[in-house]
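Visitor: Pasting data.txt below, which is compact mmCIF, C-alpha atoms and all ligand atoms.
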# COMPACT_ATOMS: atom_id res chain seq x y z
CA MET A 9 104.51 100.93 69.22
CA SER A 10 101.57 103.03 70.27
CA VAL A 11 98.28 101.18 70.36
CA ASN A 12 95.23 103.29 69.68
CA LEU A 13 92.24 101.78 71.42
CA GLY A 14 89.52 103.33 69.33
CA LEU A 15 89.57 107.12 69.35
CA PRO A 16 91.13 109.32 66.61
CA LYS A 17 94.87 109.76 67.12
CA ILE A 18 96.01 113.35 67.63
CA ALA A 19 99.23 114.55 65.99
CA ARG A 20 101.51 115.86 68.73
CA PRO A 21 104.97 117.32 68.86
CA ALA A 22 107.67 115.35 70.67
CA PRO A 23 108.19 116.17 74.37
CA PRO A 24 110.52 119.10 74.97
CA GLU A 25 113.88 118.76 76.65
CA LEU A 26 112.38 118.89 80.14
CA PRO A 27 113.56 116.34 82.66
CA GLY A 28 111.33 113.46 83.80
CA LEU A 29 107.86 112.64 82.52
CA PRO A 30 106.17 115.97 81.71
CA ASP A 31 102.87 116.30 79.85
CA ARG A 32 101.34 119.04 77.69
CA PHE A 33 99.38 120.48 80.61
CA GLY A 34 102.30 121.32 82.88
CA ARG A 35 102.13 118.22 85.05
CA THR A 36 105.04 115.87 85.71
CA ALA A 37 104.51 112.23 86.63
CA THR A 38 106.60 110.99 89.55
CA ASP A 39 104.28 108.27 90.89
CA LEU A 40 104.66 104.96 89.03
CA ARG A 41 101.93 102.32 89.31
CA ILE A 42 102.72 98.91 87.89
CA SER A 43 100.18 96.13 87.52
CA LEU A 44 101.78 92.78 88.31
CA THR A 45 98.96 90.65 86.98
CA ASP A 46 95.49 90.92 85.49
CA LYS A 47 94.31 87.91 87.52
CA CYS A 48 92.31 88.13 90.72
CA ASN A 49 90.70 85.81 93.26
CA LEU A 50 87.71 88.11 93.90
CA ARG A 51 85.04 89.28 91.47
CA CYS A 52 84.03 92.69 92.86
CA THR A 53 80.88 93.75 91.04
CA TYR A 54 82.24 97.26 90.30
CA CYS A 55 85.37 95.83 88.70
CA MET A 56 85.23 92.27 87.33
CA PRO A 57 82.54 90.21 85.62
CA ALA A 58 81.22 87.18 87.55
CA GLY A 59 82.97 84.75 85.20
CA GLY A 60 86.36 86.49 85.31
CA LEU A 61 88.15 87.69 82.18
CA ASP A 62 90.35 86.07 79.54
CA TRP A 63 93.61 86.17 81.50
CA LEU A 64 96.84 87.11 79.76
CA ALA A 65 99.10 84.20 78.82
CA LYS A 66 102.26 83.91 80.93
CA GLU A 67 104.52 85.01 78.09
CA GLN A 68 102.46 88.18 77.60
CA VAL A 69 103.09 89.33 81.17
CA LEU A 70 106.27 91.21 82.05
CA THR A 71 108.80 89.02 83.82
CA ASP A 72 110.16 89.85 87.27
CA ALA A 73 113.42 91.06 85.69
CA GLU A 74 111.55 93.24 83.16
CA ILE A 75 109.57 94.90 85.94
CA ILE A 76 112.69 95.54 88.01
CA ARG A 77 114.39 97.02 84.95
CA LEU A 78 111.43 99.28 84.13
CA VAL A 79 111.41 100.59 87.69
CA ARG A 80 115.14 101.29 87.42
CA ILE A 81 114.62 103.19 84.16
CA GLY A 82 111.75 105.11 85.74
CA VAL A 83 113.74 106.05 88.84
CA ASP A 84 117.18 106.62 87.33
CA LEU A 85 116.19 108.28 84.04
CA LEU A 86 112.67 109.61 84.42
CA GLY A 87 112.30 111.09 87.89
CA VAL A 88 109.99 108.46 89.40
CA ARG A 89 109.85 109.01 93.18
CA GLU A 90 107.42 106.37 94.38
CA LEU A 91 106.19 102.98 93.29
CA ARG A 92 102.79 101.33 93.74
CA LEU A 93 102.40 97.64 92.94
CA THR A 94 98.85 96.71 92.02
CA GLY A 95 96.77 94.52 89.72
CA GLY A 96 94.50 92.50 89.37
CA GLU A 97 95.53 91.04 92.67
CA PRO A 98 99.28 91.49 93.19
CA LEU A 99 99.43 88.84 95.94
CA VAL A 100 98.66 86.11 93.40
CA ARG A 101 101.82 86.93 91.45
CA ALA A 102 104.36 84.21 92.19
CA GLY A 103 107.41 86.49 91.96
CA LEU A 104 106.05 89.29 94.16
CA VAL A 105 108.62 88.99 96.95
CA ASP A 106 111.49 88.71 94.44
CA ILE A 107 110.26 91.78 92.55
CA ILE A 108 110.15 93.83 95.74
CA ALA A 109 113.56 92.59 96.82
CA GLY A 110 115.03 93.38 93.39
CA VAL A 111 113.56 96.88 93.36
CA ARG A 112 114.79 97.46 96.91
CA ARG A 113 118.34 96.39 96.03
CA ASN A 114 118.44 99.00 93.26
CA HIS A 115 116.64 101.73 95.20
CA PRO A 116 117.22 101.60 98.95
CA ASP A 117 115.11 104.71 99.64
CA LEU A 118 112.23 104.38 97.17
CA PRO A 119 108.77 104.22 98.83
CA VAL A 120 107.26 100.95 97.55
CA SER A 121 103.64 100.21 98.44
CA LEU A 122 101.07 97.59 97.53
CA THR A 123 97.33 97.84 96.87
CA THR A 124 95.72 94.48 97.60
CA ASN A 125 92.47 92.76 98.50
CA GLY A 126 94.31 91.18 101.43
CA LEU A 127 93.71 87.50 100.55
CA GLY A 128 96.91 85.61 101.35
CA LEU A 129 98.49 88.44 103.32
CA ASP A 130 98.44 86.20 106.39
CA LYS A 131 101.07 84.03 104.70
CA GLN A 132 103.03 86.71 102.87
CA ALA A 133 103.09 89.82 105.07
CA GLY A 134 106.34 88.97 106.87
CA ALA A 135 108.20 88.10 103.67
CA LEU A 136 106.94 91.24 101.95
CA LYS A 137 108.17 93.41 104.80
CA GLN A 138 111.51 91.65 104.84
CA ALA A 139 111.89 92.08 101.08
CA GLY A 140 111.53 95.84 101.53
CA LEU A 141 107.85 96.70 101.06
CA THR A 142 107.19 100.06 102.71
CA ARG A 143 103.45 99.92 103.32
CA ILE A 144 100.11 98.59 102.22
CA ASN A 145 96.55 99.54 101.20
CA VAL A 146 93.87 96.90 101.69
CA SER A 147 90.50 97.04 99.96
CA LEU A 148 87.59 96.18 102.24
CA ASP A 149 84.06 97.29 101.44
CA SER A 150 82.11 95.64 104.24
CA LEU A 151 82.48 94.11 107.68
CA HIS A 152 79.36 91.98 107.23
CA ALA A 153 80.21 88.56 105.83
CA GLN A 154 77.08 88.45 103.69
CA THR A 155 77.52 91.94 102.23
CA PHE A 156 81.20 91.26 101.59
CA ALA A 157 80.25 88.10 99.69
CA GLN A 158 77.58 89.96 97.71
CA LEU A 159 80.04 92.66 96.65
CA THR A 160 83.04 90.47 95.93
CA ARG A 161 81.11 87.36 94.89
CA ARG A 162 83.33 85.34 97.25
CA PRO A 163 82.82 84.41 100.96
CA PHE A 164 86.27 85.47 102.15
CA LEU A 165 85.78 88.27 104.68
CA ASP A 166 87.50 86.31 107.46
CA ARG A 167 90.58 85.79 105.31
CA VAL A 168 90.90 89.52 104.62
CA LEU A 169 90.65 90.27 108.36
CA THR A 170 93.31 87.64 109.12
CA GLY A 171 95.47 89.22 106.42
CA LEU A 172 95.10 92.62 108.05
CA ASP A 173 96.20 91.20 111.42
CA ALA A 174 99.30 89.82 109.73
CA ALA A 175 100.05 93.16 108.05
CA ASP A 176 99.85 94.85 111.48
CA ASP A 177 102.15 92.25 113.03
CA ALA A 178 104.65 92.58 110.18
CA GLY A 179 104.81 96.37 110.53
CA LEU A 180 103.37 97.17 107.09
CA GLY A 181 101.64 100.31 108.36
CA PRO A 182 100.38 102.92 108.18
CA VAL A 183 97.63 100.75 106.66
CA LYS A 184 95.02 102.42 104.47
CA ILE A 185 91.65 100.77 103.85
CA ASN A 186 89.86 101.37 100.53
CA ALA A 187 86.08 101.08 100.44
CA VAL A 188 83.83 101.62 97.42
CA LEU A 189 80.30 102.40 98.54
CA MET A 190 77.49 100.91 96.47
CA ARG A 191 74.03 102.33 96.94
CA GLY A 192 71.64 99.97 98.68
CA ILE A 193 74.36 97.43 99.37
CA ASN A 194 77.03 98.76 101.74
CA ASP A 195 76.46 102.53 101.82
CA LEU A 196 74.76 102.51 105.21
CA GLU A 197 77.83 100.80 106.62
CA ALA A 198 80.00 103.91 106.14
CA PRO A 199 79.98 105.06 109.82
CA ARG A 200 80.65 101.54 111.07
CA LEU A 201 83.60 101.12 108.70
CA LEU A 202 85.00 104.41 109.98
CA ASP A 203 84.51 103.48 113.63
CA TRP A 204 86.27 100.14 113.07
CA SER A 205 89.15 101.76 111.15
CA LEU A 206 89.69 104.40 113.83
CA ASP A 207 89.77 101.73 116.52
CA ARG A 208 92.38 99.76 114.61
CA GLY A 209 94.49 102.78 113.67
CA TYR A 210 93.81 102.50 109.94
CA GLU A 211 93.21 105.40 107.57
CA LEU A 212 89.94 104.62 105.82
CA ARG A 213 89.27 106.07 102.37
CA PHE A 214 85.92 106.00 100.65
CA ILE A 215 86.11 105.83 96.87
CA GLU A 216 83.45 107.09 94.49
CA GLN A 217 82.62 104.30 92.09
CA MET A 218 84.02 105.01 88.63
CA PRO A 219 82.74 103.71 85.27
CA LEU A 220 85.43 101.07 84.86
CA ASP A 221 83.43 97.92 85.53
CA ALA A 222 83.20 95.00 83.14
CA ASP A 223 79.43 94.87 83.43
CA HIS A 224 78.97 98.55 82.42
CA GLY A 225 76.57 98.85 85.35
CA TRP A 226 77.75 102.31 86.49
CA THR A 227 75.32 105.21 86.39
CA ARG A 228 75.96 108.74 87.58
CA ASP A 229 72.65 108.84 89.44
CA ASN A 230 73.25 105.63 91.33
CA MET A 231 76.78 106.45 92.39
CA VAL A 232 77.32 107.43 96.05
CA THR A 233 78.93 110.88 95.97
CA ALA A 234 81.57 112.39 98.25
CA ALA A 235 79.02 114.92 99.54
CA GLU A 236 76.66 112.10 100.50
CA ILE A 237 79.48 110.23 102.22
CA ARG A 238 80.40 113.25 104.34
CA ALA A 239 76.73 113.72 105.27
CA MET A 240 76.37 110.04 106.22
CA LEU A 241 79.44 110.19 108.44
CA GLU A 242 78.23 113.35 110.16
CA ALA A 243 74.79 111.83 110.70
CA GLY A 244 76.46 108.67 111.95
CA GLY A 245 78.29 110.18 114.90
CA PHE A 246 81.40 111.90 113.49
CA GLU A 247 82.57 115.46 113.07
CA LEU A 248 84.82 116.14 110.09
CA SER A 249 87.20 119.08 109.67
CA PRO A 250 89.66 119.65 106.80
CA ASP A 251 93.05 118.03 107.38
CA PRO A 252 95.61 120.88 107.34
CA ARG A 253 98.30 118.71 105.68
CA ARG A 254 99.04 119.54 102.04
CA ARG A 255 97.27 117.27 99.55
CA ASP A 256 100.36 116.99 97.36
CA GLY A 257 98.70 115.35 94.36
CA ALA A 258 96.94 112.65 96.42
CA PRO A 259 93.57 111.42 95.10
CA ALA A 260 92.14 111.40 98.62
CA GLU A 261 90.91 114.58 100.24
CA ARG A 262 91.61 114.04 103.92
CA TRP A 263 89.46 115.01 106.88
CA GLN A 264 90.27 114.98 110.56
CA VAL A 265 87.67 112.96 112.46
CA ARG A 266 86.31 113.45 115.95
CA ARG A 267 83.57 111.39 117.48
CA SER A 268 80.51 113.64 118.01
CA GLY A 269 80.63 115.47 121.30
CA ALA A 270 84.43 115.36 121.40
CA ALA A 271 84.96 118.88 120.01
CA GLY A 272 88.12 120.47 121.35
CA THR A 273 89.85 117.12 121.83
CA ALA A 274 92.56 115.63 119.61
CA PRO A 275 91.21 114.01 116.43
CA ALA A 276 90.58 110.25 116.66
CA GLY A 277 92.16 109.87 113.22
CA THR A 278 91.61 110.83 109.60
CA VAL A 279 89.34 109.70 106.80
CA GLY A 280 89.94 110.22 103.09
CA ILE A 281 87.41 110.59 100.30
CA ILE A 282 88.51 109.87 96.74
CA ALA A 283 86.01 111.80 94.64
CA SER A 284 87.22 111.01 91.13
CA VAL A 285 83.77 111.74 89.68
CA THR A 286 82.31 114.70 91.56
CA GLU A 287 85.49 116.47 92.73
CA PRO A 288 88.20 115.40 90.24
CA PHE A 289 91.86 115.97 91.00
CA CYS A 290 93.27 115.59 87.47
CA ALA A 291 94.86 119.06 87.42
CA ASP A 292 97.49 117.85 89.89
CA CYS A 293 97.81 114.27 88.61
CA ARG A 294 101.31 112.82 89.03
CA ARG A 295 100.67 109.27 87.82
CA THR A 296 102.14 107.06 85.17
CA ARG A 297 100.86 103.52 84.81
CA VAL A 298 102.28 100.34 83.29
CA THR A 299 99.95 97.40 82.63
CA ALA A 300 100.86 93.79 83.36
CA GLU A 301 101.88 93.29 79.73
CA GLY A 302 104.13 96.34 79.73
CA ARG A 303 102.04 99.09 78.17
CA VAL A 304 102.18 102.65 79.43
CA ARG A 305 98.80 104.21 80.16
CA SER A 306 99.21 107.90 80.79
CA CYS A 307 95.75 108.15 82.38
CA LEU A 308 93.48 105.67 84.11
CA PHE A 309 90.90 106.41 81.40
CA SER A 310 93.28 106.47 78.41
CA HIS A 311 92.26 105.16 75.02
CA GLU A 312 95.85 104.86 73.91
CA GLU A 313 98.62 102.62 75.22
CA THR A 314 102.31 102.51 74.44
CA ASP A 315 104.07 99.18 74.37
CA LEU A 316 107.39 99.00 76.18
CA ARG A 317 107.60 95.20 76.27
CA ALA A 318 108.65 94.90 72.63
CA LEU A 319 111.51 97.32 73.29
CA LEU A 320 112.55 95.47 76.44
CA ARG A 321 112.54 92.13 74.62
CA GLY A 322 114.06 93.53 71.43
CA GLY A 323 117.35 94.55 73.04
CA ALA A 324 116.65 98.29 73.26
CA ALA A 325 118.94 100.37 75.46
CA ASP A 326 117.54 101.96 78.64
CA GLY A 327 117.61 105.39 76.98
CA ALA A 328 115.38 104.23 74.10
CA VAL A 329 112.84 102.72 76.50
CA ALA A 330 112.87 105.94 78.52
CA GLU A 331 112.31 108.05 75.41
CA ARG A 332 109.26 105.99 74.35
CA TRP A 333 107.85 106.28 77.87
CA ARG A 334 108.38 110.07 77.78
CA GLU A 335 106.53 110.34 74.46
CA ALA A 336 103.61 108.37 75.90
CA MET A 337 103.36 110.64 78.93
CA TRP A 338 103.66 113.82 76.87
CA ALA A 339 100.44 112.73 75.14
CA LYS A 340 98.58 112.31 78.47
CA PRO A 341 95.02 113.65 78.24
CA ARG A 342 94.03 116.57 80.40
CA ALA A 343 91.53 114.59 82.50
CA HIS A 344 89.46 111.42 82.53
CA GLY A 345 90.95 110.31 79.20
CA MET A 346 89.59 113.44 77.49
CA ASP A 347 90.33 117.16 77.25
CA HIS A 348 88.03 117.89 80.18
CA THR A 349 86.72 116.20 83.32
CA GLY A 350 83.35 114.50 83.02
CA LEU A 351 82.96 110.84 83.91
CA GLY A 352 79.52 109.89 82.71
CA ASP A 353 79.12 112.94 80.41
CA ALA A 354 77.66 112.27 76.96
CA ASP A 355 81.11 112.32 75.36
CA TYR A 356 82.74 110.06 77.97
CA VAL A 357 83.79 106.73 76.44
CA GLN A 358 84.54 103.95 78.91
CA PRO A 359 87.91 102.27 78.24
CA ASP A 360 87.74 98.69 76.98
CA ARG A 361 89.77 97.54 79.94
CA THR A 362 88.28 97.07 83.39
CA MET A 363 89.95 98.53 86.47
CA SER A 364 91.49 95.11 87.19
CA ALA A 365 93.08 94.92 83.75
CA ILE A 366 94.41 98.49 83.87
CA GLY A 367 95.90 98.25 87.34
CA GLY A 368 93.85 100.35 89.74
N1 LIG B 1 90.67 109.13 88.94
C1 LIG B 1 91.66 108.43 89.46
N2 LIG B 1 91.44 107.65 90.52
C2 LIG B 1 92.48 106.97 90.99
C3 LIG B 1 93.75 107.07 90.44
N3 LIG B 1 94.59 106.28 91.14
C4 LIG B 1 93.85 105.70 92.09
N4 LIG B 1 92.57 106.13 92.01
C5 LIG B 1 91.48 105.73 92.87
O1 LIG B 1 91.99 105.74 94.18
C6 LIG B 1 91.81 104.48 94.76
C7 LIG B 1 92.89 104.20 95.77
O2 LIG B 1 94.08 103.92 95.15
P1 LIG B 1 95.27 103.27 95.95
O3 LIG B 1 96.05 102.43 95.00
O4 LIG B 1 94.78 102.60 97.16
O5 LIG B 1 96.18 104.41 96.47
P2 LIG B 1 96.26 105.96 96.36
O6 LIG B 1 95.09 106.57 97.03
O7 LIG B 1 96.42 106.27 94.93
O8 LIG B 1 97.62 106.32 97.11
P3 LIG B 1 98.10 106.40 98.63
O9 LIG B 1 97.16 107.28 99.39
O10 LIG B 1 99.45 106.96 98.51
O11 LIG B 1 98.14 105.04 99.19
C8 LIG B 1 91.77 103.54 93.60
O12 LIG B 1 91.02 102.45 93.95
C9 LIG B 1 91.07 104.33 92.55
O13 LIG B 1 89.68 104.21 92.73
C10 LIG B 1 93.93 107.92 89.35
O14 LIG B 1 95.01 108.07 88.81
N5 LIG B 1 92.86 108.57 88.89
C1 LIG B 2 91.67 97.33 90.82
S1 LIG B 2 92.08 97.03 92.49
C2 LIG B 2 93.66 96.25 92.35
C3 LIG B 2 94.29 95.87 93.65
C4 LIG B 2 93.56 94.86 94.51
N1 LIG B 2 92.99 93.80 93.77
C5 LIG B 2 92.54 95.56 95.37
O1 LIG B 2 91.34 95.33 95.18
O2 LIG B 2 92.96 96.35 96.20
C6 LIG B 2 92.58 98.63 93.15
C7 LIG B 2 91.48 99.46 93.72
O3 LIG B 2 90.59 99.79 92.69
C8 LIG B 2 89.32 99.95 93.27
N2 LIG B 2 88.31 99.86 92.20
C9 LIG B 2 88.09 98.83 91.37
N3 LIG B 2 87.11 99.13 90.50
C10 LIG B 2 86.70 100.39 90.82
C11 LIG B 2 85.71 101.26 90.28
N4 LIG B 2 84.92 100.90 89.28
N5 LIG B 2 85.59 102.47 90.83
C12 LIG B 2 86.37 102.86 91.87
N6 LIG B 2 87.33 102.09 92.40
C13 LIG B 2 87.49 100.87 91.89
C14 LIG B 2 89.24 98.83 94.26
O4 LIG B 2 88.29 99.05 95.25
C15 LIG B 2 90.66 98.81 94.82
O5 LIG B 2 90.73 99.60 95.98
S1 LIG B 3 88.83 95.47 92.89
FE1 LIG B 3 90.71 94.30 93.19
S2 LIG B 3 89.96 92.54 94.35
FE2 LIG B 3 88.16 93.40 93.44
S3 LIG B 3 87.93 92.31 91.49
FE3 LIG B 3 89.05 94.19 91.08
S4 LIG B 3 91.16 93.56 91.12
FE4 LIG B 3 89.98 91.97 92.19
S1 LIG B 4 91.64 110.40 85.63
FE1 LIG B 4 93.59 110.46 84.54
S2 LIG B 4 94.31 112.57 84.72
FE2 LIG B 4 92.66 112.30 86.23
S3 LIG B 4 93.73 111.78 88.11
FE3 LIG B 4 93.20 109.83 87.13
S4 LIG B 4 94.95 109.28 85.88
FE4 LIG B 4 95.18 111.43 86.45
Output the file's structure as structure tokens, nothing else.
Guide:
Amino acid sequence: MSVNLGLPKIARPAPPELPGLPDRFGRTATDLRISLTDKCNLRCTYCMPAGGLDWLAKEQVLTDAEIIRLVRIGVDLLGVRELRLTGGEPLVRAGLVDIIAGVRRNHPDLPVSLTTNGLGLDKQAGALKQAGLTRINVSLDSLHAQTFAQLTRRPFLDRVLTGLDAADDAGLGPVKINAVLMRGINDLEAPRLLDWSLDRGYELRFIEQMPLDADHGWTRDNMVTAAEIRAMLEAGGFELSPDPRRRDGAPAERWQVRRSGAAGTAPAGTVGIIASVTEPFCADCRRTRVTAEGRVRSCLFSHEETDLRALLRGGAADGAVAERWREAMWAKPRAHGMDHTGLGDADYVQPDRTMSAIGG
């Protein structure tokens, strides 16, 4: 079943006999992102409403076995080469360790990473590593307790920092830190966040805020742009030079960082900037997403979803599930859920789902 979420449906031919998950614009998805839950224990203002959302009922959410099977279909039949577990907050999913262990049993060499807010990592990091998790990204927008609480609507900065210590001890590196900068709230903290990340050996990435928040508070003018971020870092004591490594479909553009006055020395580390709005990277997008209830979203901003759960629960063979998934990806929009880039343009329509409910 394909679920149209509001826009006119376009008639499309079936995908050709190409291997994997190709789309109509010459891209092939190899990076699978699965949301393990729509629930979360933070309420970041750019993502969730203060009162939370109507959570999915347990029976609506894919089971551990269904997730492990979908990953197997993705890897064995559809050319998936890496897996990202996300949410909502994936650490609140009871079966997380079992899911990772099950995936790892089937795919000894698959890179499996987790994007998390870090709450509860102190207790789970060791078990996650032992189950076969490869590495981790932790979202952290501020190192000031008060600013953290303002942005996330919860006073839990210390718990995130404890979680990061545990991730280091468990060997879940290289750790990446995700920070969304919000004008007038944490934007001036950008150099300090970078300094702290360099000292701890983390790769910090700044993310342009995207219009995916429940409160519909995003405006193009108020968003902190990649160009502004680079300028703030340079004014704040850092020199940036392009990272010579190939980007390889990654959302983050990476920069080598030297502390000012250290020209000619080895870089102190790298910083990434994910400029989904002002410098979009859709032309080289390699992503396929599955929501917590088992729907394929071919693009973060899609208005159409394709249900795989009914097939999984209806006794369909792996090949039939794979074929439906291929059809969904063939219909992937060119960019930003449309036929052109343009978050915030007059014709941009924000998806009904928030980032947390899509699986960021
Ligand atoms: N426009 C767009 N932005 C994305 C997409 N995927 C992730 N992002 C943004 O990039 C941020 C970081 O995503 P992560 O899950 O930490 O990881 P990543 O950068 O995709 O991948 P790694 O560098 O391999 O860890 C997200 O918070 C989103 O804001 C995407 O498909 N499209
Ligand atoms: C939706 S969260 C899910 C995983 C986990 N709860 C976390 O926060 O890392 C994944 C990423 O999406 C980012 N994000 C959420 N809403 C966003 C928005 N409106 N624009 C840009 N990034 C956003 C978060 O900062 C986080 O790094
Ligand atoms: S960004 Fe992550 S931690 Fe923050 S509310 Fe959304 S899902 Fe939760
Ligand atoms: S907006 Fe859509 S097409 Fe562009 S990078 Fe994200 S998922 Fe890919």
Visitor: All residues within 7 Å of ligand LIG 3 (chain B) are required, counting all atoms listed in the file; please report them as a VMD selection string.
Guide: chain A and resid 48 to 52 55 to 56 95 to 97 124 to 125 160 363 to 364
Visitor: Considering all atoms listed in the file, state which residue in the set A:Gly272, A:Pro259, A:Gly171, A:Pro199 is at the smallest distance from Met240 (chain A).
Guide: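 When distances to Met240 (chain A) are compared using all atoms listed in the file, the smallest one comes from A:Pro199.
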Visitor: Compute the set of protein, DNA and RNA residues whose minimum atom distance to ligand LIG 4 (chain B) is at most 6 Å, using all atoms listed in the file, and state it as a list in words.
Guide: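 If we count all atoms listed in the file, the neighbours of ligand LIG 4 (chain B) turn out to be Phe289, Cys290, Cys293, Cys307, Leu308, Phe309, Arg342, Ala343, His344 and Gly345 of chain A.
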Visitor: For the residues selected in the previous step, produce a file with C-alpha atoms as a PDB file, in the coordinates of the input.
Guide:
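Below is the file that was written, selection.pdb:
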ATOM      1  CA  PHE A 289      91.860 115.970  91.000  1.00  0.00           C
ATOM      2  CA  CYS A 290      93.270 115.590  87.470  1.00  0.00           C
ATOM      3  CA  CYS A 293      97.810 114.270  88.610  1.00  0.00           C
ATOM      4  CA  CYS A 307      95.750 108.150  82.380  1.00  0.00           C
ATOM      5  CA  LEU A 308      93.480 105.670  84.110  1.00  0.00           C
ATOM      6  CA  PHE A 309      90.900 106.410  81.400  1.00  0.00           C
ATOM      7  CA  ARG A 342      94.030 116.570  80.400  1.00  0.00           C
ATOM      8  CA  ALA A 343      91.530 114.590  82.500  1.00  0.00           C
ATOM      9  CA  HIS A 344      89.460 111.420  82.530  1.00  0.00           C
ATOM     10  CA  GLY A 345      90.950 110.310  79.200  1.00  0.00           C
TER      11      GLY A 345
END
Visitor: I'd like a table as JSON lines: residues in chain A with an atom no more than 9 Å from ligand LIG 2 (chain B), each row giving the shortest atom pair and its distance in Å to one decimal, all atoms listed in the file counted, sorted by chain and rising residue number.
Guide:
{"residue": "A:Ser43", "atom": "CA", "partner": "B:LIG2", "partner_atom": "C2", "distance": 8.1}
{"residue": "A:Asp46", "atom": "CA", "partner": "B:LIG2", "partner_atom": "C2", "distance": 8.9}
{"residue": "A:Lys47", "atom": "CA", "partner": "B:LIG2", "partner_atom": "N1", "distance": 8.7}
{"residue": "A:Cys48", "atom": "CA", "partner": "B:LIG2", "partner_atom": "N1", "distance": 6.5}
{"residue": "A:Asn49", "atom": "CA", "partner": "B:LIG2", "partner_atom": "N1", "distance": 8.3}
{"residue": "A:Leu50", "atom": "CA", "partner": "B:LIG2", "partner_atom": "N1", "distance": 7.8}
{"residue": "A:Cys52", "atom": "CA", "partner": "B:LIG2", "partner_atom": "C9", "distance": 7.5}
{"residue": "A:Thr53", "atom": "CA", "partner": "B:LIG2", "partner_atom": "N3", "distance": 8.2}
{"residue": "A:Tyr54", "atom": "CA", "partner": "B:LIG2", "partner_atom": "N4", "distance": 4.6}
{"residue": "A:Cys55", "atom": "CA", "partner": "B:LIG2", "partner_atom": "N3", "distance": 4.1}
{"residue": "A:Met56", "atom": "CA", "partner": "B:LIG2", "partner_atom": "N3", "distance": 7.8}
{"residue": "A:Leu93", "atom": "CA", "partner": "B:LIG2", "partner_atom": "C3", "distance": 8.3}
{"residue": "A:Thr94", "atom": "CA", "partner": "B:LIG2", "partner_atom": "C3", "distance": 4.9}
{"residue": "A:Gly95", "atom": "CA", "partner": "B:LIG2", "partner_atom": "C2", "distance": 4.4}
{"residue": "A:Gly96", "atom": "CA", "partner": "B:LIG2", "partner_atom": "N1", "distance": 4.8}
{"residue": "A:Glu97", "atom": "CA", "partner": "B:LIG2", "partner_atom": "N1", "distance": 3.9}
{"residue": "A:Pro98", "atom": "CA", "partner": "B:LIG2", "partner_atom": "C3", "distance": 6.7}
{"residue": "A:Leu99", "atom": "CA", "partner": "B:LIG2", "partner_atom": "N1", "distance": 8.4}
{"residue": "A:Leu122", "atom": "CA", "partner": "B:LIG2", "partner_atom": "C3", "distance": 8.0}
{"residue": "A:Thr123", "atom": "CA", "partner": "B:LIG2", "partner_atom": "O2", "distance": 4.7}
{"residue": "A:Thr124", "atom": "CA", "partner": "B:LIG2", "partner_atom": "O2", "distance": 3.6}
{"residue": "A:Asn125", "atom": "CA", "partner": "B:LIG2", "partner_atom": "C5", "distance": 4.2}
{"residue": "A:Gly126", "atom": "CA", "partner": "B:LIG2", "partner_atom": "O2", "distance": 7.5}
{"residue": "A:Asn145", "atom": "CA", "partner": "B:LIG2", "partner_atom": "O2", "distance": 6.9}
{"residue": "A:Val146", "atom": "CA", "partner": "B:LIG2", "partner_atom": "O2", "distance": 5.6}
{"residue": "A:Ser147", "atom": "CA", "partner": "B:LIG2", "partner_atom": "O2", "distance": 4.5}
{"residue": "A:Leu148", "atom": "CA", "partner": "B:LIG2", "partner_atom": "O4", "distance": 7.6}
{"residue": "A:Asp149", "atom": "CA", "partner": "B:LIG2", "partner_atom": "O4", "distance": 7.7}
{"residue": "A:Ile185", "atom": "CA", "partner": "B:LIG2", "partner_atom": "O5", "distance": 8.0}
{"residue": "A:Asn186", "atom": "CA", "partner": "B:LIG2", "partner_atom": "O5", "distance": 5.0}
{"residue": "A:Ala187", "atom": "CA", "partner": "B:LIG2", "partner_atom": "O4", "distance": 6.0}
{"residue": "A:Val188", "atom": "CA", "partner": "B:LIG2", "partner_atom": "O4", "distance": 5.6}
{"residue": "A:Ile215", "atom": "CA", "partner": "B:LIG2", "partner_atom": "C12", "distance": 5.8}
{"residue": "A:Glu216", "atom": "CA", "partner": "B:LIG2", "partner_atom": "C12", "distance": 5.8}
{"residue": "A:Gln217", "atom": "CA", "partner": "B:LIG2", "partner_atom": "N5", "distance": 3.7}
{"residue": "A:Met218", "atom": "CA", "partner": "B:LIG2", "partner_atom": "N5", "distance": 3.7}
{"residue": "A:Pro219", "atom": "CA", "partner": "B:LIG2", "partner_atom": "N4", "distance": 5.4}
{"residue": "A:Leu220", "atom": "CA", "partner": "B:LIG2", "partner_atom": "N4", "distance": 4.5}
{"residue": "A:Asp221", "atom": "CA", "partner": "B:LIG2", "partner_atom": "N4", "distance": 5.0}
{"residue": "A:Ala222", "atom": "CA", "partner": "B:LIG2", "partner_atom": "N4", "distance": 8.7}
{"residue": "A:Trp226", "atom": "CA", "partner": "B:LIG2", "partner_atom": "N4", "distance": 7.8}
{"residue": "A:Ile282", "atom": "CA", "partner": "B:LIG2", "partner_atom": "C12", "distance": 8.8}
{"residue": "A:Ser284", "atom": "CA", "partner": "B:LIG2", "partner_atom": "C12", "distance": 8.2}
{"residue": "A:Thr362", "atom": "CA", "partner": "B:LIG2", "partner_atom": "N3", "distance": 7.5}
{"residue": "A:Met363", "atom": "CA", "partner": "B:LIG2", "partner_atom": "C1", "distance": 4.8}
{"residue": "A:Ser364", "atom": "CA", "partner": "B:LIG2", "partner_atom": "C1", "distance": 4.3}
{"residue": "A:Ala365", "atom": "CA", "partner": "B:LIG2", "partner_atom": "C1", "distance": 7.6}
{"residue": "A:Ile366", "atom": "CA", "partner": "B:LIG2", "partner_atom": "C1", "distance": 7.6}
{"residue": "A:Gly367", "atom": "CA", "partner": "B:LIG2", "partner_atom": "C1", "distance": 5.6}
{"residue": "A:Gly368", "atom": "CA", "partner": "B:LIG2", "partner_atom": "C1", "distance": 3.9}
